[in-house]
Structure formats: structure tokens, C-alpha cells
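Colleague: Sharing target_25.txt, compact mmCIF, N, CA and C atoms:
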```txt
# COMPACT_ATOMS: atom_id res chain seq x y z
N MET A 2 11.00 25.15 3.22
CA MET A 2 11.66 24.34 4.22
C MET A 2 11.17 22.89 4.09
N ALA A 3 12.09 21.96 4.12
CA ALA A 3 11.75 20.54 3.97
C ALA A 3 11.01 20.04 5.21
N GLN A 4 10.06 19.16 4.95
CA GLN A 4 9.37 18.47 6.03
C GLN A 4 9.83 17.02 6.01
N TYR A 5 9.85 16.42 7.19
CA TYR A 5 10.36 15.07 7.31
C TYR A 5 9.28 14.11 7.81
N VAL A 6 9.47 12.85 7.49
CA VAL A 6 8.53 11.80 7.89
C VAL A 6 8.29 11.86 9.39
N ARG A 7 9.33 12.04 10.19
CA ARG A 7 9.19 12.04 11.65
C ARG A 7 8.23 13.11 12.15
N ASP A 8 8.04 14.18 11.34
CA ASP A 8 7.18 15.28 11.76
C ASP A 8 5.69 14.92 11.72
N ILE A 9 5.31 13.94 10.92
CA ILE A 9 3.88 13.62 10.80
C ILE A 9 3.54 12.17 11.05
N MET A 10 4.55 11.31 11.17
CA MET A 10 4.27 9.88 11.34
C MET A 10 3.55 9.62 12.65
N THR A 11 2.82 8.53 12.68
CA THR A 11 2.24 8.04 13.92
C THR A 11 3.31 7.17 14.55
N GLY A 12 3.82 7.59 15.69
CA GLY A 12 4.89 6.86 16.35
C GLY A 12 4.36 5.75 17.24
N ASP A 13 5.28 4.99 17.77
CA ASP A 13 4.96 3.90 18.69
C ASP A 13 3.89 2.98 18.08
N PRO A 14 4.20 2.37 16.93
CA PRO A 14 3.19 1.57 16.25
C PRO A 14 2.81 0.32 17.04
N VAL A 15 1.59 -0.11 16.88
CA VAL A 15 1.13 -1.35 17.47
C VAL A 15 1.68 -2.49 16.62
N THR A 16 2.24 -3.48 17.29
CA THR A 16 2.81 -4.63 16.59
C THR A 16 2.21 -5.92 17.13
N VAL A 17 2.20 -6.93 16.28
CA VAL A 17 1.76 -8.28 16.66
C VAL A 17 2.75 -9.27 16.05
N GLU A 18 2.80 -10.45 16.64
CA GLU A 18 3.65 -11.52 16.13
C GLU A 18 2.92 -12.24 14.99
N PRO A 19 3.64 -12.88 14.08
CA PRO A 19 3.01 -13.55 12.93
C PRO A 19 1.99 -14.62 13.30
N GLN A 20 2.14 -15.27 14.44
CA GLN A 20 1.23 -16.34 14.82
C GLN A 20 -0.05 -15.84 15.49
N THR A 21 -0.21 -14.53 15.63
CA THR A 21 -1.43 -13.95 16.22
C THR A 21 -2.62 -14.22 15.30
N SER A 22 -3.75 -14.61 15.87
CA SER A 22 -4.93 -14.90 15.05
C SER A 22 -5.50 -13.61 14.47
N VAL A 23 -6.18 -13.74 13.34
CA VAL A 23 -6.79 -12.57 12.72
C VAL A 23 -7.90 -12.00 13.61
N VAL A 24 -8.55 -12.85 14.39
CA VAL A 24 -9.56 -12.36 15.33
C VAL A 24 -8.92 -11.46 16.37
N ALA A 25 -7.79 -11.88 16.92
CA ALA A 25 -7.10 -11.07 17.92
C ALA A 25 -6.66 -9.74 17.32
N VAL A 26 -6.17 -9.76 16.09
CA VAL A 26 -5.74 -8.52 15.43
C VAL A 26 -6.94 -7.61 15.17
N ALA A 27 -8.04 -8.18 14.73
CA ALA A 27 -9.25 -7.39 14.50
C ALA A 27 -9.72 -6.72 15.78
N ARG A 28 -9.64 -7.43 16.89
CA ARG A 28 -10.04 -6.84 18.17
C ARG A 28 -9.10 -5.71 18.59
N ILE A 29 -7.81 -5.89 18.35
CA ILE A 29 -6.86 -4.82 18.64
C ILE A 29 -7.20 -3.58 17.82
N MET A 30 -7.46 -3.79 16.53
CA MET A 30 -7.81 -2.68 15.65
C MET A 30 -9.07 -1.98 16.14
N ARG A 31 -10.08 -2.76 16.51
CA ARG A 31 -11.32 -2.18 17.02
C ARG A 31 -11.08 -1.41 18.32
N ASP A 32 -10.42 -2.04 19.25
CA ASP A 32 -10.24 -1.44 20.58
C ASP A 32 -9.34 -0.21 20.58
N GLN A 33 -8.39 -0.18 19.65
CA GLN A 33 -7.45 0.94 19.61
C GLN A 33 -7.71 1.88 18.43
N ASP A 34 -8.82 1.66 17.73
CA ASP A 34 -9.21 2.49 16.59
C ASP A 34 -8.09 2.61 15.57
N LEU A 35 -7.63 1.47 15.08
CA LEU A 35 -6.54 1.42 14.12
C LEU A 35 -7.01 0.80 12.81
N GLY A 36 -6.39 1.22 11.73
CA GLY A 36 -6.65 0.62 10.43
C GLY A 36 -5.54 -0.30 10.00
N ALA A 37 -4.41 -0.27 10.74
CA ALA A 37 -3.27 -1.11 10.38
C ALA A 37 -2.40 -1.37 11.61
N VAL A 38 -1.80 -2.54 11.62
CA VAL A 38 -0.79 -2.87 12.62
C VAL A 38 0.40 -3.49 11.91
N LEU A 39 1.54 -3.41 12.54
CA LEU A 39 2.75 -3.99 11.98
C LEU A 39 2.93 -5.40 12.52
N VAL A 40 3.41 -6.28 11.67
CA VAL A 40 3.69 -7.65 12.06
C VAL A 40 5.20 -7.76 12.23
N THR A 41 5.61 -8.16 13.43
CA THR A 41 7.04 -8.25 13.72
C THR A 41 7.39 -9.65 14.21
N ASP A 42 8.59 -10.02 13.92
CA ASP A 42 9.15 -11.27 14.43
C ASP A 42 10.29 -10.84 15.34
N GLY A 43 10.02 -10.78 16.64
CA GLY A 43 10.95 -10.13 17.56
C GLY A 43 10.91 -8.64 17.28
N ASP A 44 12.06 -8.05 17.04
CA ASP A 44 12.14 -6.63 16.69
C ASP A 44 12.16 -6.39 15.19
N HIS A 45 12.18 -7.46 14.41
CA HIS A 45 12.30 -7.36 12.96
C HIS A 45 10.93 -7.19 12.31
N LEU A 46 10.78 -6.19 11.47
CA LEU A 46 9.54 -5.94 10.75
C LEU A 46 9.35 -7.03 9.70
N ARG A 47 8.22 -7.70 9.78
CA ARG A 47 7.91 -8.77 8.83
C ARG A 47 6.82 -8.37 7.85
N GLY A 48 5.88 -7.53 8.30
CA GLY A 48 4.78 -7.18 7.42
C GLY A 48 3.90 -6.11 8.01
N LEU A 49 2.88 -5.76 7.26
CA LEU A 49 1.87 -4.79 7.68
C LEU A 49 0.53 -5.41 7.33
N VAL A 50 -0.44 -5.31 8.25
CA VAL A 50 -1.76 -5.83 7.97
C VAL A 50 -2.78 -4.72 8.22
N THR A 51 -3.70 -4.58 7.29
CA THR A 51 -4.76 -3.58 7.40
C THR A 51 -6.09 -4.28 7.66
N ASP A 52 -7.07 -3.49 8.05
CA ASP A 52 -8.40 -4.05 8.25
C ASP A 52 -8.91 -4.68 6.95
N ARG A 53 -8.61 -4.07 5.84
CA ARG A 53 -9.02 -4.62 4.54
C ARG A 53 -8.32 -5.95 4.27
N ASP A 54 -7.03 -6.04 4.61
CA ASP A 54 -6.30 -7.30 4.44
C ASP A 54 -6.97 -8.44 5.21
N LEU A 55 -7.41 -8.13 6.43
CA LEU A 55 -8.06 -9.18 7.24
C LEU A 55 -9.29 -9.73 6.53
N VAL A 56 -10.05 -8.85 5.91
CA VAL A 56 -11.27 -9.29 5.22
C VAL A 56 -10.94 -10.02 3.92
N VAL A 57 -10.13 -9.40 3.07
CA VAL A 57 -9.88 -9.93 1.74
C VAL A 57 -8.98 -11.16 1.74
N ARG A 58 -7.96 -11.16 2.59
CA ARG A 58 -6.98 -12.25 2.56
C ARG A 58 -7.24 -13.38 3.55
N SER A 59 -8.20 -13.20 4.42
CA SER A 59 -8.43 -14.29 5.38
C SER A 59 -9.91 -14.63 5.53
N ILE A 60 -10.72 -13.71 5.94
CA ILE A 60 -12.12 -14.01 6.20
C ILE A 60 -12.86 -14.41 4.93
N ALA A 61 -12.62 -13.72 3.85
CA ALA A 61 -13.31 -14.02 2.59
C ALA A 61 -12.95 -15.40 2.05
N ASP A 62 -11.78 -15.91 2.43
CA ASP A 62 -11.37 -17.24 1.95
C ASP A 62 -11.96 -18.38 2.77
N GLY A 63 -12.70 -18.04 3.82
CA GLY A 63 -13.29 -19.07 4.66
C GLY A 63 -12.31 -19.53 5.73
N GLY A 64 -12.67 -20.56 6.41
CA GLY A 64 -11.84 -21.04 7.50
C GLY A 64 -12.21 -20.35 8.80
N ASP A 65 -11.58 -20.76 9.85
CA ASP A 65 -11.86 -20.24 11.17
C ASP A 65 -10.95 -19.06 11.47
N PRO A 66 -11.49 -17.84 11.56
CA PRO A 66 -10.66 -16.66 11.82
C PRO A 66 -9.90 -16.74 13.14
N GLY A 67 -10.39 -17.55 14.06
CA GLY A 67 -9.67 -17.74 15.32
C GLY A 67 -8.44 -18.61 15.15
N GLU A 68 -8.41 -19.36 14.05
CA GLU A 68 -7.28 -20.26 13.77
C GLU A 68 -6.32 -19.70 12.72
N ILE A 69 -6.81 -18.82 11.86
CA ILE A 69 -5.98 -18.24 10.80
C ILE A 69 -5.05 -17.21 11.43
N THR A 70 -3.77 -17.29 11.10
CA THR A 70 -2.82 -16.34 11.67
C THR A 70 -2.65 -15.12 10.77
N VAL A 71 -2.20 -14.06 11.38
CA VAL A 71 -2.00 -12.81 10.65
C VAL A 71 -0.90 -12.95 9.60
N ALA A 72 -0.02 -13.93 9.74
CA ALA A 72 1.03 -14.15 8.74
C ALA A 72 0.43 -14.41 7.37
N ALA A 73 -0.75 -15.03 7.33
CA ALA A 73 -1.40 -15.32 6.06
C ALA A 73 -2.10 -14.10 5.46
N ALA A 74 -2.34 -13.09 6.27
CA ALA A 74 -3.10 -11.93 5.80
C ALA A 74 -2.24 -10.69 5.56
N CYS A 75 -1.04 -10.68 6.09
CA CYS A 75 -0.25 -9.44 6.02
C CYS A 75 0.48 -9.28 4.69
N SER A 76 0.76 -8.03 4.35
CA SER A 76 1.60 -7.72 3.21
C SER A 76 3.04 -7.84 3.69
N ASP A 77 3.83 -8.64 2.98
CA ASP A 77 5.21 -8.81 3.42
C ASP A 77 6.23 -8.25 2.45
N ASP A 78 5.77 -7.73 1.34
CA ASP A 78 6.64 -7.07 0.37
C ASP A 78 6.52 -5.57 0.64
N LEU A 79 7.21 -5.12 1.69
CA LEU A 79 6.99 -3.77 2.19
C LEU A 79 7.92 -2.73 1.59
N VAL A 80 7.37 -1.55 1.46
CA VAL A 80 8.14 -0.35 1.17
C VAL A 80 8.25 0.38 2.50
N THR A 81 9.43 0.80 2.87
CA THR A 81 9.61 1.49 4.15
C THR A 81 10.34 2.81 3.93
N VAL A 82 10.23 3.67 4.92
CA VAL A 82 10.97 4.93 4.94
C VAL A 82 11.62 5.08 6.31
N ARG A 83 12.60 5.96 6.37
CA ARG A 83 13.24 6.31 7.63
C ARG A 83 12.63 7.61 8.15
N PRO A 84 12.67 7.84 9.45
CA PRO A 84 12.08 9.07 9.99
C PRO A 84 12.75 10.33 9.49
N ASP A 85 14.02 10.24 9.07
CA ASP A 85 14.75 11.42 8.63
C ASP A 85 14.62 11.69 7.13
N GLU A 86 13.79 10.91 6.44
CA GLU A 86 13.58 11.15 5.01
C GLU A 86 12.54 12.25 4.82
N GLU A 87 12.66 12.94 3.71
CA GLU A 87 11.72 14.02 3.41
C GLU A 87 10.35 13.45 3.05
N LEU A 88 9.31 14.20 3.42
CA LEU A 88 7.94 13.77 3.13
C LEU A 88 7.71 13.55 1.64
N ASP A 89 8.34 14.37 0.81
CA ASP A 89 8.17 14.22 -0.63
C ASP A 89 8.56 12.81 -1.08
N HIS A 90 9.58 12.25 -0.46
CA HIS A 90 9.99 10.88 -0.81
C HIS A 90 8.91 9.87 -0.43
N ALA A 91 8.30 10.04 0.74
CA ALA A 91 7.22 9.16 1.16
C ALA A 91 6.04 9.24 0.18
N VAL A 92 5.72 10.45 -0.27
CA VAL A 92 4.65 10.64 -1.24
C VAL A 92 4.99 9.92 -2.54
N GLU A 93 6.22 10.06 -3.01
CA GLU A 93 6.65 9.38 -4.24
C GLU A 93 6.50 7.86 -4.11
N LEU A 94 6.91 7.32 -2.96
CA LEU A 94 6.81 5.88 -2.75
C LEU A 94 5.36 5.42 -2.73
N MET A 95 4.49 6.19 -2.09
CA MET A 95 3.07 5.83 -2.06
C MET A 95 2.50 5.79 -3.47
N ARG A 96 2.85 6.77 -4.27
CA ARG A 96 2.37 6.81 -5.67
C ARG A 96 2.93 5.65 -6.47
N GLU A 97 4.24 5.46 -6.37
CA GLU A 97 4.92 4.44 -7.16
C GLU A 97 4.43 3.04 -6.84
N HIS A 98 4.16 2.76 -5.57
CA HIS A 98 3.79 1.41 -5.15
C HIS A 98 2.29 1.26 -4.85
N SER A 99 1.53 2.33 -5.06
CA SER A 99 0.07 2.32 -4.84
C SER A 99 -0.28 1.81 -3.44
N VAL A 100 0.34 2.42 -2.43
CA VAL A 100 0.06 2.06 -1.05
C VAL A 100 -0.43 3.28 -0.28
N ARG A 101 -1.20 3.03 0.76
CA ARG A 101 -1.75 4.12 1.58
C ARG A 101 -1.02 4.30 2.89
N ARG A 102 -0.20 3.31 3.26
CA ARG A 102 0.54 3.37 4.52
C ARG A 102 1.94 2.82 4.28
N ILE A 103 2.91 3.46 4.93
CA ILE A 103 4.29 3.00 4.84
C ILE A 103 4.88 2.90 6.25
N PRO A 104 5.41 1.73 6.60
CA PRO A 104 6.08 1.63 7.89
C PRO A 104 7.33 2.51 7.92
N VAL A 105 7.59 3.08 9.08
CA VAL A 105 8.78 3.90 9.29
C VAL A 105 9.74 3.07 10.13
N VAL A 106 10.96 2.88 9.62
CA VAL A 106 11.94 2.07 10.32
C VAL A 106 13.22 2.86 10.57
N GLU A 107 13.84 2.52 11.68
CA GLU A 107 15.12 3.12 12.05
C GLU A 107 16.00 2.00 12.57
N ASP A 108 17.17 1.85 11.97
CA ASP A 108 18.07 0.75 12.33
C ASP A 108 17.34 -0.60 12.27
N ASP A 109 16.54 -0.79 11.23
CA ASP A 109 15.79 -2.02 10.97
C ASP A 109 14.71 -2.33 12.01
N HIS A 110 14.32 -1.34 12.83
CA HIS A 110 13.27 -1.51 13.82
C HIS A 110 12.11 -0.57 13.50
N PRO A 111 10.87 -1.06 13.55
CA PRO A 111 9.73 -0.18 13.27
C PRO A 111 9.55 0.86 14.37
N VAL A 112 9.42 2.11 13.94
CA VAL A 112 9.23 3.21 14.89
C VAL A 112 7.96 4.00 14.61
N GLY A 113 7.26 3.68 13.51
CA GLY A 113 6.05 4.42 13.20
C GLY A 113 5.44 3.98 11.89
N ILE A 114 4.36 4.66 11.54
CA ILE A 114 3.68 4.47 10.26
C ILE A 114 3.31 5.85 9.75
N VAL A 115 3.50 6.08 8.46
CA VAL A 115 3.02 7.30 7.84
C VAL A 115 1.93 6.89 6.85
N SER A 116 0.81 7.58 6.91
CA SER A 116 -0.33 7.20 6.08
C SER A 116 -0.73 8.33 5.14
N LEU A 117 -1.52 7.96 4.16
CA LEU A 117 -2.08 8.94 3.23
C LEU A 117 -2.88 9.99 4.00
N GLY A 118 -3.61 9.54 5.02
CA GLY A 118 -4.38 10.47 5.85
C GLY A 118 -3.48 11.45 6.59
N ASP A 119 -2.34 10.97 7.11
CA ASP A 119 -1.37 11.86 7.77
C ASP A 119 -0.90 12.95 6.80
N LEU A 120 -0.60 12.52 5.58
CA LEU A 120 -0.13 13.48 4.57
C LEU A 120 -1.22 14.48 4.21
N ALA A 121 -2.46 14.00 4.08
CA ALA A 121 -3.56 14.89 3.74
C ALA A 121 -3.78 15.93 4.84
N MET A 122 -3.72 15.49 6.09
CA MET A 122 -3.93 16.44 7.20
C MET A 122 -2.79 17.47 7.25
N GLU A 123 -1.59 17.05 6.89
CA GLU A 123 -0.45 17.96 6.93
C GLU A 123 -0.45 18.92 5.74
N ARG A 124 -0.70 18.39 4.55
CA ARG A 124 -0.55 19.18 3.34
C ARG A 124 -1.80 19.92 2.90
N ASP A 125 -2.97 19.34 3.18
CA ASP A 125 -4.21 19.96 2.75
C ASP A 125 -5.32 19.65 3.75
N PRO A 126 -5.24 20.24 4.95
CA PRO A 126 -6.20 19.90 6.01
C PRO A 126 -7.65 20.24 5.67
N GLU A 127 -7.87 21.12 4.70
CA GLU A 127 -9.23 21.50 4.31
C GLU A 127 -9.82 20.57 3.26
N SER A 128 -9.02 19.64 2.75
CA SER A 128 -9.52 18.70 1.74
C SER A 128 -10.46 17.70 2.39
N ALA A 129 -11.22 17.01 1.57
CA ALA A 129 -12.14 15.98 2.09
C ALA A 129 -11.36 14.91 2.84
N LEU A 130 -10.25 14.45 2.29
CA LEU A 130 -9.46 13.42 2.95
C LEU A 130 -8.85 13.94 4.25
N GLY A 131 -8.41 15.20 4.25
CA GLY A 131 -7.89 15.80 5.47
C GLY A 131 -8.95 15.89 6.54
N ASP A 132 -10.18 16.30 6.16
CA ASP A 132 -11.30 16.37 7.10
C ASP A 132 -11.64 15.01 7.67
N ILE A 133 -11.73 14.02 6.80
CA ILE A 133 -12.08 12.66 7.22
C ILE A 133 -11.01 12.10 8.14
N SER A 134 -9.75 12.30 7.78
CA SER A 134 -8.65 11.76 8.56
C SER A 134 -8.55 12.39 9.93
N ALA A 135 -8.94 13.65 10.05
CA ALA A 135 -8.86 14.35 11.33
C ALA A 135 -10.06 14.09 12.22
N ALA A 136 -11.15 13.63 11.63
CA ALA A 136 -12.39 13.46 12.40
C ALA A 136 -12.29 12.29 13.38
N LYS A 137 -12.95 12.45 14.51
CA LYS A 137 -13.06 11.36 15.49
C LYS A 137 -13.99 10.30 14.90
N PRO A 138 -13.67 9.02 15.10
CA PRO A 138 -14.54 7.96 14.55
C PRO A 138 -15.86 7.89 15.29
N ASN A 139 -16.88 7.47 14.57
CA ASN A 139 -18.18 7.20 15.19
C ASN A 139 -18.14 5.80 15.75
N THR A 140 -18.47 5.67 17.01
CA THR A 140 -18.46 4.32 17.60
C THR A 140 -19.84 3.91 18.02
```
Once you've parsed the file, please lay out its structure as C-alpha cells.
Modeller:
Amino acid sequence: MAQYVRDIMTGDPVTVEPQTSVVAVARIMRDQDLGAVLVTDGDHLRGLVTDRDLVVRSIADGGDPGEITVAAACSDDLVTVRPDEELDHAVELMREHSVRRIPVVEDDHPVGIVSLGDLAMERDPESALGDISAAKPNT
């Protein structure tokens, strides 16, 4: 039986506007225990930013993180899937584009994110990645 993206995606994604500072985004990630947020311009998906993006694309380059906007740190060449697509397609896209997270869009609006961890927990919950992804974070 086919499985669909909607069955495992994390719904109701956290979004920020492009002009949001990287400090504000980092705090959102910390406070909500997130590794990624979507960058939207109104309802339109503009990009995805991960905790790693914040470090590599903004903080490591210097400058004031309170002044640097997330637009400079986000990935804007996105691969997306629809909630009604089969999980196998999401896996293929992750492999083909070497990404760990894919925004889920419906009618050009972000409705979720599917991650490598989501797939690991669904397909192989006993694997190391499945265990790590399911574990509560240490705070």
C-alpha cells in the first residue's frame, strides 16, 4: 500500500518573513525546538532556512546577526512536494538534490515539511537515525 507525504509530514510549519533577523530566527528555533523554518513572503514560499544555514551563511561571514536578515541565509532554490505525493517520490527528491528537508506545498502555499528524520522514523524506526529523530532533545 502506498504511503503519502501527508501521512508523515510535520504540518503547520513555522514561517518567518525575509526581513526577519537571523537572531530572531535562531531564537524561534531554540524556543520551539526546530531545525528549520520556512521563509515566506505573504503566503508565498520563498525559502527554507536551517540552523546550519544560520551558522554557515550568516554568522560565519561576520557582521551583526541582529542586523542580518534571514533572506541572506535561506535556501531559495527549493525542491517541494505536495501532500498527496507518494513518499517514494520524496525520497527520490532528497537523494537527487542531496537535501534533508523538503517543504510541502498545496496550491502554492506551505503546509508542512518532510524531513529525513520523518522518513527514518516511518520506514526504519529501529535504525540509529530513527532513534535519534524520535528522541526528546536534551535541554
Colleague: I need the residue nearest Ala72 (chain A) from this list: A:Ile60, A:Asp13, A:Ala27, A:Val40. Use all atoms listed in the file for the distance.
Modeller: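 The closest residue to Ala72 (chain A) is A:Val40.
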Colleague: Between CA of Val92 (chain A) and CA of Arg31 (chain A), measure the distance and give it in Å to one decimal.
Modeller: 27.4 Å
Colleague: Determine the nearest neighbour of Ala37 (chain A) from the options A:Ala73, A:Val50, A:Pro84, A:Arg101, counting all atoms listed in the file.
Modeller: A:Val50
Colleague: Could you give me the residues within chain A that DSSP places in alpha helix (DSSP H), as a count of residues only?
Modeller: 48
Colleague: Let me make sure I understand: among A:Pro111, A:Asp52, A:Pro19, A:Gly63, which one has the smallest atom-to-atom distance to Leu35 (chain A) if we use all atoms listed in the file?
Modeller: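 Nearest to Leu35 (chain A): A:Asp52.
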Colleague: Name the residues in contact with Thr21 (chain A) at a cut-off of 7 Å, using only N, CA and C atoms, excluding same-chain residues fewer than 6 positions from it; report them as a ChimeraX atom specification.
Modeller: /A:69-72
